[in-house]
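See below for the structure under consideration.
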Amino acid sequence: MESNLDPRPHVPSPYLQQIRSLPVDFRLTDSHNSEPFEKSATTDAGNFHAISCAIAENGDLDSETVLGFEDTVRNMDQVTQESPYSGQTMSVEDRNSVGDEELCFGASPLPSLTPTHTSPKWSDTTPYAAKKKLQSWLKLSNENWVLGTILSTSGGESVISLPEGNVLKVTAENLLPANPDILDGVDDLMQLSYLHEPSVLYNLQYRYNQDIIYTKAGPVLIAINPFKEVPLYGNAYIYAYKRKSVESPHVYAIADTAIREMIRDEINQSIIISGESGAGKTETAKIAMQYLAALGGGSGIEYEILKTNPILEAFGNAKTSRNDNSSRFGKLIEIYFSETGKISGAKIQTFLLEKSRVVQCAEGERSYHIFYQLCAGAPPALREKLILKNADEYKYLSQCNCYEINRVDDAEQFRIVMEALDIVHVNKEDQESVFAMLAAVLWLGNVSFSVVDNENHVEAVEDEGLSAVAHLLGCNIKELKLALSTRHMRVGSDDIVQKLTLPQAIDTRDALAKSIYSCLFDWLVEQINKSLAVGKRRTGRSISILDIYGFESFDRNSFEQFCINYANERLQQHFNRHLFKLEQEEYVQDGIDWAKVDFEDNQDCLNLFEKKPLGLLSLLDEESTFPNGTDLTFANKLKQHLFSNSCFRGERGRAFTVSHFAGEVMYDTTGFLEKNRDLLHLDSIQLLCSCTCQLPRIFASNMLRQSEKPIVGPLYKSGGADSQKLSVATKFKGQLFQLMQRLENTTPHFIRCIKPNNFQSPGIYDQGLVLQQLRCCGVLEVVRISRSGFPTRMSHQKFARRYGFLLLENVAAKDPLGVSVAILHQFNIQPEMYQVGYTKLFFRTGQIGVLEDTRNRTLHGILRVQSSFRGHQARLYFKELSRGIANLQSFVRGEKTRKEFVTLLQRHRAAVVIQKQIKGRIAWKKFVNIHDASITIQSAIRGWLVRRCSGDVVLLQSARKKDKESDDVVVKSSVLAELQRRVLKAEAALRDKEEENDILRQRLQQYESRWSEYELKMKSMEEVWQKQMRSLQSSLSIAKRSLAIDDSDRNSDASVNLNDDRDFSWDSNGLRPMSAGLSVISRLAGEFEQRSQVFGDDAKFLVEVKSGQAEATLNPDRELRRLKQIFDAWKKDYSSRLRETKVILHKLGNEEGSGDKMRKKWWGRRNSSRIN
């Protein structure tokens, strides 16, 4: 067809829309004048409505049928909103995994939560059956699932092609069937035909890759942490969910359902949020609170409720290896509502704060945020008052070597916490006390101990740390020292003081720090509850938000994981019972033949924990009462008494394994007894009682008050504190029972948070990690229970409208129930695979796929006819419409242009007239001003000239009188005064200038006198230099003459004795020093001539510079002084060298005289010998 071959895009007509969902449906109407192609594929709240079309009995559409659609499909209705896929609409999409072109469903709510699929052209004419290939899931060796296409099957083996191109031969037992492509990305996992692990993982990943982080699993909302901001929140979304214009899964939808059911049924509601650390529980709870505050706000209390989040996060959250903002406690926020649905108050309850993090945390982690925020953001006055230092100077904080979190400003967070404390009405005095307790905890970590005897007993060192703790707590430093170093025990009627060893003292110090922080946290929650209790008594309905730790299984699991997993066992039982109850109520309500489906309960595991006297908790409390009980004896006792329990298995050493609902977990009993006892000795409590600060006394009073409560079991430890009679496990068990009792009286709504990867990075989906969390949080259990029943449900009307056109007989007159039954019979669906209820059809898993395949094949053929017919109609309409629009536009534009031109011409003429008037007025004003100014200036100048020339005012006045008499000129007094004023002003200015000239002349004379002085000085200096030069020259000439005479005498003596060898050797030795003296004199003379020339030239140049004959950037006075200094220094040095030279020459002269005497003696001896 032409429409399939034309590559150009087609513009749809106003009443036609691009094909997004099939089949085509025409709205029902009783009017015979209805348009044959009335558009029904409109959007409502962003969801595409599918439209359907009926075909003839033979399945073909002839031209008569095409032209008579109105009569053929008058009884059809819209089907998209009746779709069994929660508003999913079917759209055309290119899917290579199953076929070249298939049909899929994709919701597109408003605001958009899912992507909108475009509809490519249907140019492939390959028969649908030839393109249909069977796909299955295969589990790889790395435990990941992969979707492959089955190429062939023979016997019990199948050949499957993987996406990478690999072809494997596997047994049929290793394959799991894949869901139809229309179910990709469904927003409710219950709609999947095949409910197994790979289908659930693929559906969640399909939505996660498109930033759709919320998916329903029956009554459970699955929230996958995106680790980035996603555009799914804000006032627009809150308004959309409030008006029910959006049906996609969301936390807003859960909160909206809770508040509506509370008002409608008058039953308290609860939102239970669980998940492992880093899954986003805290953020999810805040999002739910934001929605409730938006819907129930108005009284102002909702703002206080939202401001509790930064306080609880600062004091109860910390950075761990898995999460930068991990909640280290569980909390239940109960929000109370008035009869009109407005928030009237709230109450917060906390569970199992991780106190050990105060004194110890792993490498790369941090303690609670508030410590770092206090050190970074405290103002100077507060820092000085609390003796605060940097975080790295406290041992409790420096042991983990982590002080900051990326993209988090601790100082700014501290400011937010202080604002939140003001909003929840914690006064400034109490705030300072809170910060003082925090500083005291930090300083306790810096308290050190020293050994005092041979038995390794220690005492606290009185250093900066101990004095700071005493100052902040308001206690005596000696009492603090004794409380940390000794222990008082009562044995019988005697009081014994026991000195502590170093490990015992460190434990006592850490126990005090943990107790102060724990009591501070509880006190802070109590103050918040007092602030939020406004109006609570005026209502009886509430919504509780439970943000509690999820199931945890690490490489090493300790006491905290033991309590956390026990709480999750209780919550899982509550979850299973509620889920099964809802399923059964719906089956009974619709009157179907329902046989009760048994599912594996976790009651055996709960009995393992709670059974008395041989349960895990009972045995733990019992072992905690023994003074000599250790973690090893506790582990051995568990193995001895619980070896026959199916949920328990003993391991080597101190370990044991418990089979939880989510899998087996191995616990290490190291530290179990110490953490369960959580002892704070009576000495430490008495120390707190003696403090002058109010908060430590309140903490001590609360601990003593708890000790007066009735004791459950023998939990008293000999030598321990009276306030610690209840163990941590027993307290937690009591809190958990109260929590479960409260939840049992509410309608629960479940949110399971999932962490997609351990790197906290967006876009990464780890199948193994997600699967583990799905098992741990019970989502797969929900799927398993639903799979045993009838997970696919559809009303009779929806089923008839969706599949009624597939019947081969005319069903126009039948009711929806009859149409539904006829469809089931036509496709041979077995009776045990479905149930017909009063209002719905219930199908077991996989049964809807057969009907969808047939429907897809039928729609595939309809699509080809529709694409050609609609394309042809659209092109005809477009061409006709284009011609009409072009003609209309030409007339309209011409008329518009003519009107605009007339208006523009009128404006131009008016502008020209206005400009002419304005320019003329401006020119006239300018001329008048210049004329007046010229006259004024001329009069002033003329008057001044007259006064200057006459020099006599009297004559001037007489001349004025004569002129006045002769010329009859009338001068006004004001003009004359103005002229006189100007003349006086000019005379004053002239006098000023003359004074300035006098001053300048004086300065010139001063400069000339100074210059004459400088010339005299220069002449005197030059005369002095010339005299010195002449004296030096005379000295040099005398020295030269004396040296010349001595040289001539030596030469004559040397010529007499030239023939004698001995005489030659003696004379040569005498000539060497004389020649050296001559060379020195020559060098001195040369240096004198050179230096005299240099000094003379420099002095002459400076004189020329100073007189202005030469130009230079130097200061001549300073250079002359510097030149004189250089000359004096050289003169002194030269004179000393000249004197040294004279001395040497004098010595040489003496040596020559002695030499003459020796020669005379030698000559006399020689002559006498000759005579003899």
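Labeling convention for the structure tokens: chains A, B, ... as they appear, residues from 1 per chain, ligands from 1 in order of appearance.
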**Study point:** Surrounding residues of Asp324 (chain A) excluding itself and chain neighbours under 4 positions, 8 Å, only C-alpha atoms, as a list in words
**Key:** Gly278, Ala318, Lys319, Thr320 and Ile405 of chain A
Name all residues at most 10 Å from region 389-398 of chain A (count only C-alpha atoms; drop same-chain ones fewer than 4 positions away) and give them as a CSV table (one decimal) with N, CA, C and O atoms, in the first residue's frame.
chain,number,residue,atom,x,y,z
A,357,ARG,N,27.8,1.9,68.9
A,357,ARG,CA,28.4,2.8,67.9
A,357,ARG,C,29.0,4.1,68.6
A,357,ARG,O,29.8,4.7,68.0
A,358,VAL,N,28.5,4.4,69.8
A,358,VAL,CA,29.0,5.6,70.4
A,358,VAL,C,30.5,5.5,70.7
A,358,VAL,O,31.3,6.4,70.6
A,359,VAL,N,30.9,4.3,71.2
A,359,VAL,CA,32.3,4.1,71.6
A,359,VAL,C,33.1,3.3,70.6
A,359,VAL,O,34.3,3.2,70.8
A,360,GLN,N,32.5,2.7,69.6
A,360,GLN,CA,33.2,1.8,68.7
A,360,GLN,C,32.5,1.8,67.4
A,360,GLN,O,31.3,1.5,67.3
A,361,CYS,N,33.3,1.9,66.3
A,361,CYS,CA,32.7,1.8,65.0
A,361,CYS,C,33.8,1.3,64.1
A,361,CYS,O,35.0,1.5,64.3
A,363,GLU,N,36.2,0.6,60.6
A,363,GLU,CA,37.0,1.5,59.8
A,363,GLU,C,36.2,2.0,58.6
A,363,GLU,O,35.5,1.2,57.9
A,365,GLU,N,33.7,4.0,58.7
A,365,GLU,CA,32.3,4.4,59.2
A,365,GLU,C,32.4,5.6,60.1
A,365,GLU,O,33.5,6.0,60.4
A,366,ARG,N,31.3,6.1,60.5
A,366,ARG,CA,31.2,7.2,61.4
A,366,ARG,C,30.3,6.9,62.6
A,366,ARG,O,29.5,6.0,62.5
A,367,SER,N,30.5,7.6,63.7
A,367,SER,CA,29.6,7.6,64.8
A,367,SER,C,28.3,8.4,64.4
A,367,SER,O,28.2,8.7,63.2
A,368,TYR,N,27.5,8.7,65.3
A,368,TYR,CA,26.3,9.4,65.0
A,368,TYR,C,26.6,10.8,64.5
A,368,TYR,O,27.5,11.5,64.9
A,371,PHE,N,27.6,14.3,66.5
A,371,PHE,CA,29.0,14.6,67.0
A,371,PHE,C,29.8,15.4,66.0
A,371,PHE,O,30.4,16.4,66.4
A,372,TYR,N,29.7,15.0,64.8
A,372,TYR,CA,30.5,15.7,63.7
A,372,TYR,C,29.9,17.1,63.4
A,372,TYR,O,30.6,18.1,63.2
A,373,GLN,N,28.5,17.1,63.5
A,373,GLN,CA,27.9,18.4,63.3
A,373,GLN,C,28.2,19.4,64.4
A,373,GLN,O,28.4,20.6,64.1
A,374,LEU,N,28.2,18.9,65.6
A,374,LEU,CA,28.6,19.8,66.7
A,374,LEU,C,30.0,20.3,66.6
A,374,LEU,O,30.2,21.5,66.8
A,375,CYS,N,30.9,19.5,66.3
A,375,CYS,CA,32.3,19.9,66.1
A,375,CYS,C,32.5,20.9,65.0
A,375,CYS,O,33.4,21.8,65.0
A,376,ALA,N,31.7,20.7,63.9
A,376,ALA,CA,31.9,21.5,62.7
A,376,ALA,C,31.1,22.8,62.7
A,376,ALA,O,31.5,23.8,62.2
A,383,ARG,N,31.5,26.8,71.5
A,383,ARG,CA,32.7,25.9,71.5
A,383,ARG,C,33.5,26.2,72.7
A,383,ARG,O,34.1,25.3,73.4
A,384,GLU,N,33.6,27.5,73.1
A,384,GLU,CA,34.4,27.8,74.3
A,384,GLU,C,33.8,27.3,75.5
A,384,GLU,O,34.4,26.9,76.5
A,402,CYS,N,37.3,8.5,59.6
A,402,CYS,CA,36.3,9.0,58.6
A,402,CYS,C,35.6,10.2,59.3
A,402,CYS,O,34.9,9.9,60.4
A,403,TYR,N,35.7,11.4,58.8
A,403,TYR,CA,35.2,12.5,59.5
A,403,TYR,C,34.2,13.3,58.6
A,403,TYR,O,33.4,14.1,59.1
A,404,GLU,N,34.1,13.0,57.3
A,404,GLU,CA,33.2,13.8,56.4
A,404,GLU,C,32.5,12.8,55.5
A,404,GLU,O,32.9,11.7,55.3
A,439,ALA,N,29.2,16.7,74.3
A,439,ALA,CA,30.6,17.0,74.5
A,439,ALA,C,31.2,16.2,75.6
A,439,ALA,O,32.4,15.7,75.6
A,441,VAL,N,30.3,13.1,76.4
A,441,VAL,CA,30.5,11.8,75.9
A,441,VAL,C,31.8,11.8,75.1
A,441,VAL,O,32.6,10.8,75.2
A,442,LEU,N,32.1,12.8,74.3
A,442,LEU,CA,33.3,12.8,73.5
A,442,LEU,C,34.5,12.9,74.4
A,442,LEU,O,35.5,12.2,74.1
A,443,TRP,N,34.5,13.7,75.4
A,443,TRP,CA,35.6,13.8,76.3
A,443,TRP,C,35.8,12.6,77.1
A,443,TRP,O,37.0,12.3,77.5
A,444,LEU,N,34.8,11.8,77.4
A,444,LEU,CA,35.0,10.5,78.1
A,444,LEU,C,35.9,9.6,77.3
A,444,LEU,O,36.7,8.8,77.9
A,445,GLY,N,35.8,9.6,76.0
A,445,GLY,CA,36.7,8.8,75.2
A,445,GLY,C,38.1,9.2,75.4
A,445,GLY,O,39.0,8.3,75.1
A,446,ASN,N,38.4,10.4,75.7
A,446,ASN,CA,39.8,10.9,75.9
A,446,ASN,C,40.3,10.6,77.3
A,446,ASN,O,41.5,11.0,77.6
A,447,VAL,N,39.5,10.1,78.2
A,447,VAL,CA,40.0,9.8,79.6
A,447,VAL,C,40.9,8.6,79.5
A,447,VAL,O,40.6,7.6,78.9
A,465,GLY,N,41.1,15.7,79.6
A,465,GLY,CA,39.9,14.9,79.4
A,465,GLY,C,39.0,14.7,80.6
A,465,GLY,O,37.8,15.0,80.6
A,510,ASP,N,33.3,3.3,79.0
A,510,ASP,CA,32.4,3.2,77.8
A,510,ASP,C,31.0,3.0,78.2
A,510,ASP,O,30.1,3.5,77.5
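With only C-alpha atoms as the atoms that count, the minimum distance from Arg752 (chain A) to the choices A:Leu695, A:Leu774, A:Leu582, A:Ile1081 is reached by A:Leu774.
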Practice item. Rank nothing, just name the residue among A:His749, A:Lys281, A:Lys514, A:Arg556 nearest to Phe575 (chain A), using only C-alpha atoms. Key: A:His749
Check your understanding: Which polymer residues have any atom within 8 Å of an atom of region 530-534 of chain A, counting only C-alpha atoms, with same-chain residues fewer than 2 positions away left out, as an MDAnalysis selection string?
Key -> chainID A and resid 301 304:305 344:347 424:425 526:528 536
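When the distance limit is 9 Å and only C-alpha atoms are what count, the residues near Leu620 (chain A), minus those fewer than 2 positions from it on the same chain, are Gly615, Leu616, Leu617, Ser618, Glu622, Glu623, Ser624, Thr625, Phe634, Leu638, Phe672, Leu673, Asn676 and Ala729 of chain A.
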Include N, CA and C atoms and write out the residues we just selected as a compact mmCIF listing (two decimals), in the first residue's frame.
# COMPACT_ATOMS: atom_id res chain seq x y z
N GLY A 615 13.79 -21.42 75.15
CA GLY A 615 13.90 -20.62 73.95
C GLY A 615 15.21 -19.84 73.92
N LEU A 616 15.52 -19.29 72.76
CA LEU A 616 16.77 -18.55 72.64
C LEU A 616 16.83 -17.37 73.60
N LEU A 617 15.73 -16.61 73.70
CA LEU A 617 15.72 -15.45 74.59
C LEU A 617 15.78 -15.86 76.05
N SER A 618 15.05 -16.93 76.43
CA SER A 618 15.06 -17.38 77.82
C SER A 618 16.44 -17.88 78.22
N GLU A 622 18.90 -16.30 81.01
CA GLU A 622 19.36 -17.17 82.11
C GLU A 622 20.88 -17.15 82.22
N GLU A 623 21.57 -17.24 81.08
CA GLU A 623 23.02 -17.24 81.12
C GLU A 623 23.56 -15.87 81.53
N SER A 624 22.80 -14.82 81.24
CA SER A 624 23.24 -13.48 81.62
C SER A 624 23.21 -13.27 83.12
N THR A 625 22.42 -14.08 83.86
CA THR A 625 22.34 -13.91 85.31
C THR A 625 23.53 -14.53 86.04
N PHE A 634 27.28 -19.93 76.88
CA PHE A 634 25.95 -19.69 76.31
C PHE A 634 25.76 -20.49 75.02
N LEU A 638 23.01 -23.54 74.31
CA LEU A 638 22.07 -23.59 73.18
C LEU A 638 22.16 -24.91 72.45
N PHE A 672 27.44 -11.42 73.15
CA PHE A 672 26.00 -11.54 73.39
C PHE A 672 25.66 -11.19 74.83
N LEU A 673 26.36 -11.82 75.80
CA LEU A 673 26.01 -11.63 77.20
C LEU A 673 26.26 -10.20 77.64
N ASN A 676 23.63 -7.96 76.14
CA ASN A 676 22.32 -8.22 76.72
C ASN A 676 22.21 -7.66 78.14
N ALA A 729 17.35 -7.89 75.76
CA ALA A 729 16.48 -8.77 74.97
C ALA A 729 15.07 -8.78 75.54
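All residues of protein, DNA or RNA that reach within 6 Å of region 456-460 of chain A, judged by only C-alpha atoms and not counting those fewer than 2 positions away in the chain, are Ser448, Phe449, Ser450, Val451, Val452, Asp453, Asn454, Lys481, Ser485, Leu500, Thr501 and Leu502 of chain A.
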Write the residues of the preceding selection, restricted to all heavy atoms, as a compact mmCIF listing (two decimals), in the first residue's frame.
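Wrote it out as part-v1.txt, contents follow:
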# COMPACT_ATOMS: atom_id res chain seq x y z
N SER A 448 42.09 8.74 80.10
CA SER A 448 43.10 7.67 80.10
C SER A 448 43.34 7.19 81.52
O SER A 448 42.95 7.83 82.50
CB SER A 448 44.41 8.16 79.48
OG SER A 448 44.89 9.30 80.18
N PHE A 449 43.99 6.03 81.63
CA PHE A 449 44.22 5.40 82.93
C PHE A 449 45.70 5.06 83.05
O PHE A 449 46.39 4.79 82.06
CB PHE A 449 43.38 4.12 83.06
CG PHE A 449 41.91 4.36 82.95
CD1 PHE A 449 41.26 4.28 81.72
CD2 PHE A 449 41.15 4.70 84.06
CE1 PHE A 449 39.91 4.49 81.60
CE2 PHE A 449 39.78 4.92 83.95
CZ PHE A 449 39.17 4.82 82.73
N SER A 450 46.18 5.03 84.31
CA SER A 450 47.56 4.66 84.60
C SER A 450 47.58 3.58 85.67
O SER A 450 46.73 3.56 86.58
CB SER A 450 48.36 5.89 85.09
OG SER A 450 47.79 6.40 86.29
N VAL A 451 48.54 2.66 85.55
CA VAL A 451 48.66 1.54 86.50
C VAL A 451 49.25 2.08 87.81
O VAL A 451 50.21 2.85 87.82
CB VAL A 451 49.55 0.43 85.91
CG1 VAL A 451 49.71 -0.71 86.90
CG2 VAL A 451 48.97 -0.06 84.59
N VAL A 452 48.66 1.65 88.95
CA VAL A 452 49.08 2.19 90.26
C VAL A 452 49.72 1.14 91.16
O VAL A 452 50.31 1.49 92.19
CB VAL A 452 47.86 2.81 90.98
CG1 VAL A 452 47.34 4.00 90.20
CG2 VAL A 452 46.76 1.79 91.17
N ASP A 453 49.62 -0.17 90.82
CA ASP A 453 50.24 -1.20 91.69
C ASP A 453 50.66 -2.37 90.83
O ASP A 453 50.53 -2.37 89.60
CB ASP A 453 49.27 -1.63 92.80
CG ASP A 453 47.93 -2.10 92.25
OD1 ASP A 453 47.88 -2.51 91.07
OD2 ASP A 453 46.93 -2.04 92.98
N ASN A 454 51.16 -3.41 91.53
CA ASN A 454 51.67 -4.59 90.83
C ASN A 454 50.57 -5.50 90.32
O ASN A 454 50.84 -6.44 89.58
CB ASN A 454 52.59 -5.39 91.76
CG ASN A 454 53.84 -4.59 92.13
OD1 ASN A 454 54.29 -3.75 91.35
ND2 ASN A 454 54.37 -4.85 93.33
N LYS A 481 36.73 10.39 89.21
CA LYS A 481 37.92 9.54 89.15
C LYS A 481 37.68 8.23 89.87
O LYS A 481 38.04 7.14 89.38
CB LYS A 481 39.10 10.30 89.75
CG LYS A 481 40.43 9.57 89.68
CD LYS A 481 41.53 10.45 90.25
CE LYS A 481 42.87 9.74 90.20
NZ LYS A 481 43.95 10.59 90.74
N SER A 485 37.44 4.26 88.38
CA SER A 485 38.58 3.42 88.76
C SER A 485 38.24 2.38 89.80
O SER A 485 39.01 1.43 89.99
CB SER A 485 39.72 4.30 89.29
OG SER A 485 40.05 5.32 88.38
N LEU A 500 39.74 -1.49 89.88
CA LEU A 500 39.52 -2.05 88.55
C LEU A 500 40.82 -2.17 87.78
O LEU A 500 41.73 -1.35 87.93
CB LEU A 500 38.55 -1.16 87.75
CG LEU A 500 37.18 -0.91 88.39
CD1 LEU A 500 36.34 -0.03 87.48
CD2 LEU A 500 36.45 -2.22 88.67
N THR A 501 40.87 -3.22 86.96
CA THR A 501 41.98 -3.34 86.03
C THR A 501 41.71 -2.47 84.81
O THR A 501 40.64 -1.88 84.68
CB THR A 501 42.16 -4.81 85.61
OG1 THR A 501 40.96 -5.25 84.95
CG2 THR A 501 42.44 -5.69 86.81
N LEU A 502 42.70 -2.40 83.92
CA LEU A 502 42.55 -1.53 82.76
C LEU A 502 41.36 -1.92 81.89
O LEU A 502 40.56 -1.05 81.52
CB LEU A 502 43.84 -1.52 81.94
CG LEU A 502 43.84 -0.61 80.70
CD1 LEU A 502 43.58 0.83 81.11
CD2 LEU A 502 45.16 -0.73 79.94
Practice item. Rounded to one decimal place, report the CA of Gly234 (chain A)-CA of Gln191 (chain A) distance in Å. Key: 29.0 Å
